[in-house]
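The next block is coords03.pdb, given as PDB, C-alpha atoms, pLDDT in the B column.
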```
ATOM      1  CA  MET A 635     229.394 178.624-139.677  1.00 88.00           C
ATOM      2  CA  ILE A 636     229.683 176.735-142.946  1.00 93.00           C
ATOM      3  CA  SER A 637     232.435 174.559-144.399  1.00 93.00           C
ATOM      4  CA  LEU A 638     235.058 175.990-146.722  1.00 91.00           C
ATOM      5  CA  ASP A 639     233.940 173.519-149.400  1.00 89.00           C
ATOM      6  CA  ASP A 640     230.488 175.150-149.459  1.00 89.00           C
ATOM      7  CA  SER A 641     231.745 178.729-149.488  1.00 93.00           C
ATOM      8  CA  VAL A 642     232.571 181.318-152.134  1.00 95.00           C
ATOM      9  CA  ILE A 643     234.617 184.494-151.882  1.00 96.00           C
ATOM     10  CA  ALA A 644     233.060 187.897-151.280  1.00 96.00           C
ATOM     11  CA  ARG A 645     235.464 190.632-152.445  1.00 96.00           C
ATOM     12  CA  TYR A 646     235.501 194.358-151.682  1.00 97.00           C
ATOM     13  CA  LYS A 647     237.967 196.876-153.115  1.00 96.00           C
ATOM     14  CA  LYS A 648     238.512 200.404-151.852  1.00 94.00           C
ATOM     15  CA  GLY A 649     241.422 202.839-151.676  1.00 90.00           C
ATOM     16  CA  GLY A 650     243.641 200.531-153.690  1.00 92.00           C
ATOM     17  CA  LYS A 651     243.151 197.764-151.119  1.00 95.00           C
ATOM     18  CA  GLN A 652     241.337 194.451-151.417  1.00 96.00           C
ATOM     19  CA  PHE A 653     239.432 192.529-148.744  1.00 97.00           C
ATOM     20  CA  GLU A 654     238.038 189.014-149.096  1.00 97.00           C
ATOM     21  CA  VAL A 655     236.008 186.621-146.928  1.00 97.00           C
ATOM     22  CA  PHE A 656     234.669 183.089-147.337  1.00 97.00           C
ATOM     23  CA  VAL A 657     230.852 183.097-147.273  1.00 96.00           C
ATOM     24  CA  ASP A 658     227.790 181.031-148.103  1.00 95.00           C
ATOM     25  CA  PRO A 659     226.582 182.231-151.540  1.00 93.00           C
ATOM     26  CA  ASP A 660     222.859 182.079-150.722  1.00 91.00           C
ATOM     27  CA  GLY A 661     223.266 183.875-147.403  1.00 93.00           C
ATOM     28  CA  ALA A 662     225.506 186.528-148.955  1.00 94.00           C
ATOM     29  CA  LEU A 663     222.926 187.264-151.647  1.00 92.00           C
ATOM     30  CA  ASP A 664     220.228 187.493-148.965  1.00 91.00           C
ATOM     31  CA  ILE A 665     222.295 190.213-147.268  1.00 93.00           C
ATOM     32  CA  LYS A 666     222.715 192.077-150.544  1.00 92.00           C
ATOM     33  CA  ARG A 667     218.917 191.951-150.924  1.00 88.00           C
ATOM     34  CA  GLY A 668     218.589 193.624-147.526  1.00 89.00           C
ATOM     35  CA  GLU A 669     217.454 190.618-145.503  1.00 89.00           C
ATOM     36  CA  ASP A 670     218.353 190.292-141.828  1.00 90.00           C
ATOM     37  CA  ILE A 671     220.891 187.462-141.691  1.00 91.00           C
ATOM     38  CA  ASN A 672     223.101 186.275-138.831  1.00 93.00           C
ATOM     39  CA  ILE A 673     226.655 186.720-140.126  1.00 95.00           C
ATOM     40  CA  GLU A 674     227.969 183.843-137.995  1.00 94.00           C
ATOM     41  CA  ASP A 675     225.699 181.434-139.865  1.00 94.00           C
ATOM     42  CA  ILE A 676     227.025 182.239-143.345  1.00 95.00           C
ATOM     43  CA  ILE A 677     230.802 182.484-142.937  1.00 95.00           C
ATOM     44  CA  ALA A 678     233.425 179.757-143.130  1.00 95.00           C
ATOM     45  CA  VAL A 679     236.141 181.514-141.073  1.00 94.00           C
ATOM     46  CA  GLU A 680     236.173 184.628-138.914  1.00 94.00           C
ATOM     47  CA  SER A 681     239.030 186.164-140.871  1.00 95.00           C
ATOM     48  CA  VAL A 682     239.428 188.915-143.458  1.00 97.00           C
ATOM     49  CA  PHE A 683     241.935 188.239-146.210  1.00 97.00           C
ATOM     50  CA  GLU A 684     243.851 190.306-148.702  1.00 96.00           C
ATOM     51  CA  ASP A 685     243.956 187.190-150.906  1.00 95.00           C
ATOM     52  CA  ALA A 686     241.689 184.430-149.630  1.00 95.00           C
ATOM     53  CA  ASN A 687     242.909 181.761-152.055  1.00 93.00           C
ATOM     54  CA  LYS A 688     246.497 182.234-150.888  1.00 94.00           C
ATOM     55  CA  GLY A 689     245.488 182.590-147.241  1.00 94.00           C
ATOM     56  CA  ASN A 690     247.049 186.066-146.962  1.00 96.00           C
ATOM     57  CA  LEU A 691     245.313 187.992-144.179  1.00 96.00           C
ATOM     58  CA  ALA A 692     244.509 191.681-144.585  1.00 96.00           C
ATOM     59  CA  SER A 693     246.558 193.922-142.288  1.00 94.00           C
ATOM     60  CA  GLU A 694     244.859 195.305-139.194  1.00 94.00           C
ATOM     61  CA  SER A 695     245.904 198.842-140.158  1.00 94.00           C
ATOM     62  CA  ASP A 696     244.283 198.530-143.594  1.00 95.00           C
ATOM     63  CA  ILE A 697     241.102 197.154-142.040  1.00 95.00           C
ATOM     64  CA  GLN A 698     240.944 199.971-139.503  1.00 95.00           C
ATOM     65  CA  GLU A 699     241.639 202.590-142.184  1.00 94.00           C
ATOM     66  CA  ILE A 700     238.882 201.375-144.548  1.00 95.00           C
ATOM     67  CA  PHE A 701     236.221 200.147-142.123  1.00 95.00           C
ATOM     68  CA  GLY A 702     236.933 202.198-138.994  1.00 94.00           C
ATOM     69  CA  THR A 703     236.281 199.224-136.708  1.00 95.00           C
ATOM     70  CA  ASP A 704     237.818 195.965-135.555  1.00 92.00           C
ATOM     71  CA  ASP A 705     234.446 194.206-135.195  1.00 94.00           C
ATOM     72  CA  VAL A 706     234.963 191.286-137.582  1.00 95.00           C
ATOM     73  CA  TYR A 707     231.243 190.681-138.122  1.00 95.00           C
ATOM     74  CA  GLU A 708     230.610 194.301-139.029  1.00 96.00           C
ATOM     75  CA  ILE A 709     233.568 194.213-141.392  1.00 96.00           C
ATOM     76  CA  ILE A 710     232.385 191.003-143.066  1.00 96.00           C
ATOM     77  CA  TYR A 711     228.869 192.426-143.379  1.00 96.00           C
ATOM     78  CA  ASN A 712     230.217 195.497-145.195  1.00 96.00           C
ATOM     79  CA  ILE A 713     232.403 193.405-147.490  1.00 96.00           C
ATOM     80  CA  ILE A 714     229.364 191.352-148.486  1.00 96.00           C
ATOM     81  CA  LYS A 715     226.955 194.278-148.696  1.00 95.00           C
ATOM     82  CA  HIS A 716     229.183 196.547-150.784  1.00 96.00           C
ATOM     83  CA  GLY A 717     231.403 194.028-152.537  1.00 95.00           C
ATOM     84  CA  ASP A 718     231.012 191.340-155.185  1.00 95.00           C
ATOM     85  CA  ILE A 719     230.116 187.686-154.695  1.00 94.00           C
ATOM     86  CA  GLN A 720     232.421 185.472-156.742  1.00 92.00           C
ATOM     87  CA  LEU A 721     230.017 182.820-158.064  1.00 91.00           C
ATOM     88  CA  THR A 722     231.035 180.148-160.563  1.00 87.00           C
ATOM     89  CA  LYS A 723     228.951 179.710-163.703  1.00 89.00           C
ATOM     90  CA  GLU A 724     227.554 176.484-162.274  1.00 89.00           C
ATOM     91  CA  GLN A 725     226.586 178.144-158.991  1.00 89.00           C
ATOM     92  CA  ARG A 726     224.954 181.085-160.738  1.00 91.00           C
ATOM     93  CA  LYS A 727     222.996 178.776-163.060  1.00 93.00           C
ATOM     94  CA  ARG A 728     221.834 176.609-160.149  1.00 91.00           C
ATOM     95  CA  MET A 729     220.699 179.622-158.125  1.00 91.00           C
ATOM     96  CA  LEU A 730     218.936 181.199-161.102  1.00 94.00           C
ATOM     97  CA  ASP A 731     217.165 177.922-161.872  1.00 95.00           C
ATOM     98  CA  GLU A 732     216.046 177.588-158.241  1.00 94.00           C
ATOM     99  CA  LYS A 733     214.738 181.152-158.131  1.00 94.00           C
ATOM    100  CA  ARG A 734     212.936 180.744-161.465  1.00 96.00           C
ATOM    101  CA  LYS A 735     211.280 177.599-160.106  1.00 96.00           C
ATOM    102  CA  GLN A 736     210.179 179.522-156.996  1.00 95.00           C
ATOM    103  CA  VAL A 737     208.633 182.254-159.152  1.00 96.00           C
ATOM    104  CA  VAL A 738     206.825 179.698-161.326  1.00 96.00           C
ATOM    105  CA  ASN A 739     205.491 177.782-158.312  1.00 94.00           C
ATOM    106  CA  ILE A 740     204.177 180.894-156.551  1.00 93.00           C
ATOM    107  CA  ILE A 741     202.340 181.984-159.701  1.00 94.00           C
ATOM    108  CA  ALA A 742     200.952 178.471-160.213  1.00 92.00           C
ATOM    109  CA  GLN A 743     199.705 178.310-156.627  1.00 89.00           C
ATOM    110  CA  ASN A 744     198.011 181.692-156.624  1.00 89.00           C
ATOM    111  CA  ALA A 745     196.814 182.316-160.168  1.00 90.00           C
ATOM    112  CA  ILE A 746     194.050 180.964-162.375  1.00 89.00           C
ATOM    113  CA  ASN A 747     192.835 181.266-165.940  1.00 91.00           C
ATOM    114  CA  PRO A 748     189.953 183.742-165.472  1.00 90.00           C
ATOM    115  CA  GLN A 749     188.214 182.328-168.552  1.00 90.00           C
ATOM    116  CA  THR A 750     187.987 178.770-167.231  1.00 89.00           C
ATOM    117  CA  LYS A 751     188.439 179.450-163.479  1.00 83.00           C
ATOM    118  CA  THR A 752     191.058 176.689-163.412  1.00 86.00           C
ATOM    119  CA  PRO A 753     194.745 176.806-162.404  1.00 87.00           C
ATOM    120  CA  HIS A 754     197.536 177.000-164.951  1.00 92.00           C
ATOM    121  CA  PRO A 755     200.035 174.107-164.705  1.00 93.00           C
ATOM    122  CA  PRO A 756     203.594 175.215-163.873  1.00 94.00           C
ATOM    123  CA  SER A 757     204.817 174.050-167.293  1.00 96.00           C
ATOM    124  CA  ARG A 758     202.460 176.481-169.024  1.00 96.00           C
ATOM    125  CA  ILE A 759     203.602 179.359-166.827  1.00 96.00           C
ATOM    126  CA  GLU A 760     207.247 178.502-167.424  1.00 96.00           C
ATOM    127  CA  SER A 761     206.702 178.382-171.200  1.00 97.00           C
ATOM    128  CA  ALA A 762     204.969 181.769-171.106  1.00 97.00           C
ATOM    129  CA  MET A 763     207.871 183.225-169.115  1.00 97.00           C
ATOM    130  CA  GLU A 764     210.328 181.902-171.688  1.00 96.00           C
ATOM    131  CA  GLU A 765     208.254 183.351-174.534  1.00 97.00           C
ATOM    132  CA  ALA A 766     208.061 186.712-172.719  1.00 96.00           C
ATOM    133  CA  LYS A 767     211.834 186.545-172.122  1.00 96.00           C
ATOM    134  CA  VAL A 768     211.460 187.037-168.361  1.00 96.00           C
ATOM    135  CA  ASN A 769     214.905 187.448-166.798  1.00 94.00           C
ATOM    136  CA  ILE A 770     215.519 186.321-163.220  1.00 94.00           C
ATOM    137  CA  ASP A 771     217.708 188.545-161.052  1.00 93.00           C
ATOM    138  CA  LEU A 772     219.528 186.968-158.104  1.00 90.00           C
ATOM    139  CA  LEU A 773     219.550 190.276-156.232  1.00 88.00           C
ATOM    140  CA  LYS A 774     215.799 190.874-156.423  1.00 88.00           C
ATOM    141  CA  SER A 775     213.287 189.238-154.090  1.00 86.00           C
ATOM    142  CA  VAL A 776     211.072 186.421-155.317  1.00 90.00           C
ATOM    143  CA  ASP A 777     207.928 188.484-154.605  1.00 87.00           C
ATOM    144  CA  GLU A 778     209.193 191.362-156.713  1.00 89.00           C
ATOM    145  CA  GLN A 779     209.979 189.044-159.607  1.00 93.00           C
ATOM    146  CA  VAL A 780     206.612 187.295-159.332  1.00 93.00           C
ATOM    147  CA  ASN A 781     204.940 190.649-160.030  1.00 90.00           C
ATOM    148  CA  THR A 782     207.291 191.353-162.940  1.00 93.00           C
ATOM    149  CA  ALA A 783     206.739 187.901-164.442  1.00 95.00           C
ATOM    150  CA  LEU A 784     202.966 188.134-164.044  1.00 93.00           C
ATOM    151  CA  LYS A 785     202.846 191.425-165.969  1.00 94.00           C
ATOM    152  CA  ALA A 786     205.070 189.995-168.695  1.00 96.00           C
ATOM    153  CA  ILE A 787     203.027 186.842-169.320  1.00 97.00           C
ATOM    154  CA  ARG A 788     199.538 188.413-169.212  1.00 95.00           C
ATOM    155  CA  PRO A 789     199.631 189.222-172.974  1.00 95.00           C
ATOM    156  CA  ILE A 790     200.517 185.566-173.642  1.00 96.00           C
ATOM    157  CA  ILE A 791     198.106 183.627-171.389  1.00 96.00           C
ATOM    158  CA  PRO A 792     194.942 184.741-169.564  1.00 95.00           C
ATOM    159  CA  ILE A 793     195.953 184.852-165.920  1.00 94.00           C
ATOM    160  CA  ARG A 794     195.230 186.636-162.675  1.00 90.00           C
ATOM    161  CA  PHE A 795     195.809 186.174-158.974  1.00 89.00           C
ATOM    162  CA  GLU A 796     192.652 185.155-157.185  1.00 87.00           C
ATOM    163  CA  GLU A 797     191.453 183.499-153.994  1.00 87.00           C
ATOM    164  CA  VAL A 798     188.465 181.219-153.668  1.00 89.00           C
ATOM    165  CA  LYS A 799     186.278 180.119-150.771  1.00 92.00           C
ATOM    166  CA  VAL A 800     185.491 176.479-150.169  1.00 95.00           C
ATOM    167  CA  ALA A 801     182.896 175.202-147.719  1.00 96.00           C
ATOM    168  CA  VAL A 802     183.866 171.902-146.100  1.00 96.00           C
ATOM    169  CA  LYS A 803     182.170 169.485-143.740  1.00 96.00           C
ATOM    170  CA  ILE A 804     184.469 167.080-141.935  1.00 96.00           C
ATOM    171  CA  PRO A 805     182.848 164.046-140.281  1.00 95.00           C
ATOM    172  CA  ALA A 806     183.191 163.772-136.499  1.00 95.00           C
ATOM    173  CA  SER A 807     185.596 160.825-136.639  1.00 95.00           C
ATOM    174  CA  TYR A 808     188.135 162.920-138.596  1.00 95.00           C
ATOM    175  CA  ALA A 809     187.368 166.452-137.421  1.00 94.00           C
ATOM    176  CA  ALA A 810     189.825 166.797-134.544  1.00 91.00           C
ATOM    177  CA  LYS A 811     192.883 165.553-136.437  1.00 91.00           C
ATOM    178  CA  SER A 812     191.936 167.402-139.651  1.00 93.00           C
ATOM    179  CA  TYR A 813     191.371 170.803-138.073  1.00 93.00           C
ATOM    180  CA  GLY A 814     195.039 171.778-137.728  1.00 92.00           C
ATOM    181  CA  GLU A 815     196.149 170.804-141.237  1.00 93.00           C
ATOM    182  CA  ILE A 816     193.193 172.509-142.909  1.00 94.00           C
ATOM    183  CA  SER A 817     193.691 175.658-140.829  1.00 92.00           C
ATOM    184  CA  ARG A 818     197.352 175.834-141.883  1.00 90.00           C
ATOM    185  CA  PHE A 819     196.493 175.310-145.557  1.00 90.00           C
ATOM    186  CA  GLY A 820     194.252 178.385-145.831  1.00 89.00           C
ATOM    187  CA  THR A 821     192.367 181.027-143.868  1.00 93.00           C
ATOM    188  CA  VAL A 822     189.368 179.748-141.946  1.00 94.00           C
ATOM    189  CA  GLU A 823     186.774 182.518-142.287  1.00 94.00           C
ATOM    190  CA  LYS A 824     183.851 180.763-140.619  1.00 94.00           C
ATOM    191  CA  GLU A 825     183.601 177.588-138.595  1.00 95.00           C
ATOM    192  CA  GLU A 826     181.117 175.692-136.502  1.00 95.00           C
ATOM    193  CA  TRP A 827     181.151 172.445-134.564  1.00 95.00           C
ATOM    194  CA  GLN A 828     177.937 170.513-135.160  1.00 94.00           C
ATOM    195  CA  ASN A 829     176.006 168.579-132.513  1.00 95.00           C
ATOM    196  CA  ASP A 830     177.137 165.307-134.077  1.00 94.00           C
ATOM    197  CA  GLY A 831     180.807 166.325-133.663  1.00 94.00           C
ATOM    198  CA  SER A 832     181.420 167.197-137.304  1.00 95.00           C
ATOM    199  CA  TRP A 833     183.243 170.395-138.246  1.00 96.00           C
ATOM    200  CA  VAL A 834     181.868 172.810-140.831  1.00 96.00           C
ATOM    201  CA  ALA A 835     184.012 175.658-142.146  1.00 96.00           C
ATOM    202  CA  VAL A 836     184.518 178.147-144.934  1.00 96.00           C
ATOM    203  CA  VAL A 837     188.188 178.213-145.954  1.00 95.00           C
ATOM    204  CA  ARG A 838     189.784 180.859-148.168  1.00 93.00           C
ATOM    205  CA  ILE A 839     192.675 179.535-150.299  1.00 92.00           C
ATOM    206  CA  PRO A 840     194.733 180.662-153.318  1.00 87.00           C
ATOM    207  CA  ALA A 841     192.794 179.710-156.449  1.00 83.00           C
ATOM    208  CA  GLY A 842     195.726 177.811-157.920  1.00 82.00           C
ATOM    209  CA  VAL A 843     195.850 175.216-155.127  1.00 85.00           C
ATOM    210  CA  GLN A 844     192.238 174.037-155.231  1.00 86.00           C
ATOM    211  CA  ASN A 845     193.202 170.545-156.386  1.00 85.00           C
ATOM    212  CA  ASP A 846     195.804 170.271-153.619  1.00 87.00           C
ATOM    213  CA  PHE A 847     193.185 171.342-151.060  1.00 93.00           C
ATOM    214  CA  TYR A 848     190.669 168.765-152.218  1.00 93.00           C
ATOM    215  CA  SER A 849     193.394 166.109-152.161  1.00 93.00           C
ATOM    216  CA  LEU A 850     194.240 167.108-148.596  1.00 94.00           C
ATOM    217  CA  ILE A 851     190.707 166.824-147.239  1.00 95.00           C
ATOM    218  CA  ASN A 852     190.160 163.545-149.099  1.00 95.00           C
ATOM    219  CA  ARG A 853     193.354 162.145-147.598  1.00 94.00           C
ATOM    220  CA  LEU A 854     192.451 163.333-144.095  1.00 95.00           C
ATOM    221  CA  THR A 855     188.931 161.902-144.237  1.00 95.00           C
ATOM    222  CA  LYS A 856     189.409 158.911-146.565  1.00 94.00           C
ATOM    223  CA  GLY A 857     187.084 160.607-149.035  1.00 94.00           C
ATOM    224  CA  GLU A 858     184.228 161.112-146.578  1.00 95.00           C
ATOM    225  CA  ALA A 859     184.381 164.916-146.409  1.00 95.00           C
ATOM    226  CA  GLU A 860     181.926 167.154-148.217  1.00 94.00           C
ATOM    227  CA  SER A 861     183.138 170.257-150.044  1.00 94.00           C
ATOM    228  CA  LYS A 862     181.647 172.997-152.176  1.00 93.00           C
ATOM    229  CA  LEU A 863     183.243 175.868-154.068  1.00 90.00           C
ATOM    230  CA  LEU A 864     181.416 179.050-153.085  1.00 87.00           C
TER     231      LEU A 864
END
```

What does this structure look like when you write it as structure tokens?
Amino acid sequence: MISLDDSVIARYKKGGKQFEVFVDPDGALDIKRGEDINIEDIIAVESVFEDANKGNLASESDIQEIFGTDDVYEIIYNIIKHGDIQLTKEQRKRMLDEKRKQVVNIIAQNAINPQTKTPHPPSRIESAMEEAKVNIDLLKSVDEQVNTALKAIRPIIPIRFEEVKVAVKIPASYAAKSYGEISRFGTVEKEEWQNDGSWVAVVRIPAGVQNDFYSLINRLTKGEAESKLL
């Protein structure tokens, strides 16, 4: 459960009756997007109100008539799913800004300029989105909006999603501790442990994070690793 201070009201109206619950705004929007969310984690109280601000509970007969159940979690789910989330302007702006930043970061991590084979900085992507007048929708998934934004900015900047393969050789003294972090960063397509204990691998990564990958292997090996873009 969440605190009342962190909650907003979800409101559902039907048959001349009104039902309200206190919910976490992010979790409620996840439910409206169709994600599988545990209701207990996103509510402030296990009560259904006629007027939440006044603390007036909805009558049990009204609840039964409209929802056909007395399961409070099912009722709250339906109020969220089919009702409206009462966000303040500040909350809506914050959530839109966060989602826009997510979209920008995903594009920056996965896309390159096909003319130069180099990543676009997030600031350039964000400027292109502003020029293309890309609107962010709180009820659409980030992945869906990444695709929409990518199509919109292609006429403005040369860009495409691409993966690259990097061959790396990690010296024996760093190989064991580096293996896990490198494996989590990308997809290890080939690997081989050498007789001297060094680790050689071909790692597939999003093209936009090449610099981050090189920084990682330099940090792990104190600059002693060898790497080559294939």

Decode the PyMOL selection byres ((chain A and resi 843-856) around 12) for the given file into explicit residues and return them as a PDB file with C-alpha atoms, in the coordinates of the input.
```pdb
ATOM      1  CA  ASN A 739     205.491 177.782-158.312  1.00 94.00           C
ATOM      2  CA  ILE A 740     204.177 180.894-156.551  1.00 93.00           C
ATOM      3  CA  ILE A 741     202.340 181.984-159.701  1.00 94.00           C
ATOM      4  CA  ALA A 742     200.952 178.471-160.213  1.00 92.00           C
ATOM      5  CA  GLN A 743     199.705 178.310-156.627  1.00 89.00           C
ATOM      6  CA  ASN A 744     198.011 181.692-156.624  1.00 89.00           C
ATOM      7  CA  ALA A 745     196.814 182.316-160.168  1.00 90.00           C
ATOM      8  CA  ILE A 746     194.050 180.964-162.375  1.00 89.00           C
ATOM      9  CA  LYS A 751     188.439 179.450-163.479  1.00 83.00           C
ATOM     10  CA  THR A 752     191.058 176.689-163.412  1.00 86.00           C
ATOM     11  CA  PRO A 753     194.745 176.806-162.404  1.00 87.00           C
ATOM     12  CA  HIS A 754     197.536 177.000-164.951  1.00 92.00           C
ATOM     13  CA  PRO A 755     200.035 174.107-164.705  1.00 93.00           C
ATOM     14  CA  PRO A 756     203.594 175.215-163.873  1.00 94.00           C
ATOM     15  CA  PHE A 795     195.809 186.174-158.974  1.00 89.00           C
ATOM     16  CA  GLU A 796     192.652 185.155-157.185  1.00 87.00           C
ATOM     17  CA  GLU A 797     191.453 183.499-153.994  1.00 87.00           C
ATOM     18  CA  VAL A 798     188.465 181.219-153.668  1.00 89.00           C
ATOM     19  CA  LYS A 799     186.278 180.119-150.771  1.00 92.00           C
ATOM     20  CA  VAL A 800     185.491 176.479-150.169  1.00 95.00           C
ATOM     21  CA  ALA A 801     182.896 175.202-147.719  1.00 96.00           C
ATOM     22  CA  VAL A 802     183.866 171.902-146.100  1.00 96.00           C
ATOM     23  CA  LYS A 803     182.170 169.485-143.740  1.00 96.00           C
ATOM     24  CA  ILE A 804     184.469 167.080-141.935  1.00 96.00           C
ATOM     25  CA  PRO A 805     182.848 164.046-140.281  1.00 95.00           C
ATOM     26  CA  ALA A 806     183.191 163.772-136.499  1.00 95.00           C
ATOM     27  CA  SER A 807     185.596 160.825-136.639  1.00 95.00           C
ATOM     28  CA  TYR A 808     188.135 162.920-138.596  1.00 95.00           C
ATOM     29  CA  ALA A 809     187.368 166.452-137.421  1.00 94.00           C
ATOM     30  CA  ALA A 810     189.825 166.797-134.544  1.00 91.00           C
ATOM     31  CA  LYS A 811     192.883 165.553-136.437  1.00 91.00           C
ATOM     32  CA  SER A 812     191.936 167.402-139.651  1.00 93.00           C
ATOM     33  CA  TYR A 813     191.371 170.803-138.073  1.00 93.00           C
ATOM     34  CA  GLY A 814     195.039 171.778-137.728  1.00 92.00           C
ATOM     35  CA  GLU A 815     196.149 170.804-141.237  1.00 93.00           C
ATOM     36  CA  ILE A 816     193.193 172.509-142.909  1.00 94.00           C
ATOM     37  CA  SER A 817     193.691 175.658-140.829  1.00 92.00           C
ATOM     38  CA  ARG A 818     197.352 175.834-141.883  1.00 90.00           C
ATOM     39  CA  PHE A 819     196.493 175.310-145.557  1.00 90.00           C
ATOM     40  CA  GLY A 820     194.252 178.385-145.831  1.00 89.00           C
ATOM     41  CA  SER A 832     181.420 167.197-137.304  1.00 95.00           C
ATOM     42  CA  TRP A 833     183.243 170.395-138.246  1.00 96.00           C
ATOM     43  CA  VAL A 837     188.188 178.213-145.954  1.00 95.00           C
ATOM     44  CA  ARG A 838     189.784 180.859-148.168  1.00 93.00           C
ATOM     45  CA  ILE A 839     192.675 179.535-150.299  1.00 92.00           C
ATOM     46  CA  PRO A 840     194.733 180.662-153.318  1.00 87.00           C
ATOM     47  CA  ALA A 841     192.794 179.710-156.449  1.00 83.00           C
ATOM     48  CA  GLY A 842     195.726 177.811-157.920  1.00 82.00           C
ATOM     49  CA  GLY A 857     187.084 160.607-149.035  1.00 94.00           C
ATOM     50  CA  GLU A 858     184.228 161.112-146.578  1.00 95.00           C
ATOM     51  CA  ALA A 859     184.381 164.916-146.409  1.00 95.00           C
ATOM     52  CA  GLU A 860     181.926 167.154-148.217  1.00 94.00           C
ATOM     53  CA  SER A 861     183.138 170.257-150.044  1.00 94.00           C
ATOM     54  CA  LYS A 862     181.647 172.997-152.176  1.00 93.00           C
ATOM     55  CA  LEU A 863     183.243 175.868-154.068  1.00 90.00           C
TER      56      LEU A 863
END
```

Quote the spacing between CA of Val679 in chain A and CA of Asn712 in chain A in Å to one decimal place.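 Interatomic distance, CA of Val679 in chain A to CA of Asn712 in chain A: 15.7 Å.
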
Which residues come within 8 Å of Gln652 in chain A, counting only C-alpha atoms, excluding same-chain residues fewer than 5 positions away, as a list of chain:residue names?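 So, after excluding close chain neighbours, the residues are A:Arg645, A:Tyr646, A:Lys647, A:Glu684, A:Asp685.
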
Rounded to one decimal, what separation in Å do you get between CA of Phe683 in chain A and CA of Gly661 in chain A?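 Interatomic distance here is 19.2 Å.
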
So what do you get for CA of Asp696 in chain A versus CA of Tyr711 in chain A, distance-wise?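 We find that CA of Asp696 in chain A and CA of Tyr711 in chain A lie 16.6 Å from each other.
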
What's the 12 Å shell around Val642 in chain A, counting all atoms listed in the file, without same-chain residues fewer than 4 positions away, as a PyMOL selection string? chain A and resi 636-638+654-663+676-679+686-687+714+718-722+725-726

Using all atoms listed in the file, can you tell me which of A:Met729, A:Asp664, A:Lys651, A:Glu669 comes closest to Phe701 in chain A?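 For Phe701 in chain A, the nearest of the given residues is A:Lys651.
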
Closest to Tyr707 in chain A among A:Arg728, A:Lys688, A:Glu674, A:Glu764, using only C-alpha atoms?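 Once distances to Tyr707 in chain A are computed over only C-alpha atoms, the minimum belongs to A:Glu674.
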
Output the residue selection produced by the PyMOL selection byres ((chain A and resi 776-785) around 10) on the file above, formatted as a PyMOL selection string. chain A and resi 733-734+736-741+745+759-760+762-763+766-775+786-791+793-795

Looking at A:Val822, A:Asn672, A:Glu765, A:Gly831, which one is nearest to Glu708 in chain A, with distances taken over only C-alpha atoms?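 Looking only at the distances to Glu708 in chain A, the closest residue turns out to be A:Asn672.
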
Tell me which protein, DNA and RNA residues are within 7 Å of Ile713 in chain A, counting all atoms listed in the file, leaving out same-chain ones fewer than 3 positions away, and put them as a PyMOL selection string. chain A and resi 644-646+709-710+716-717
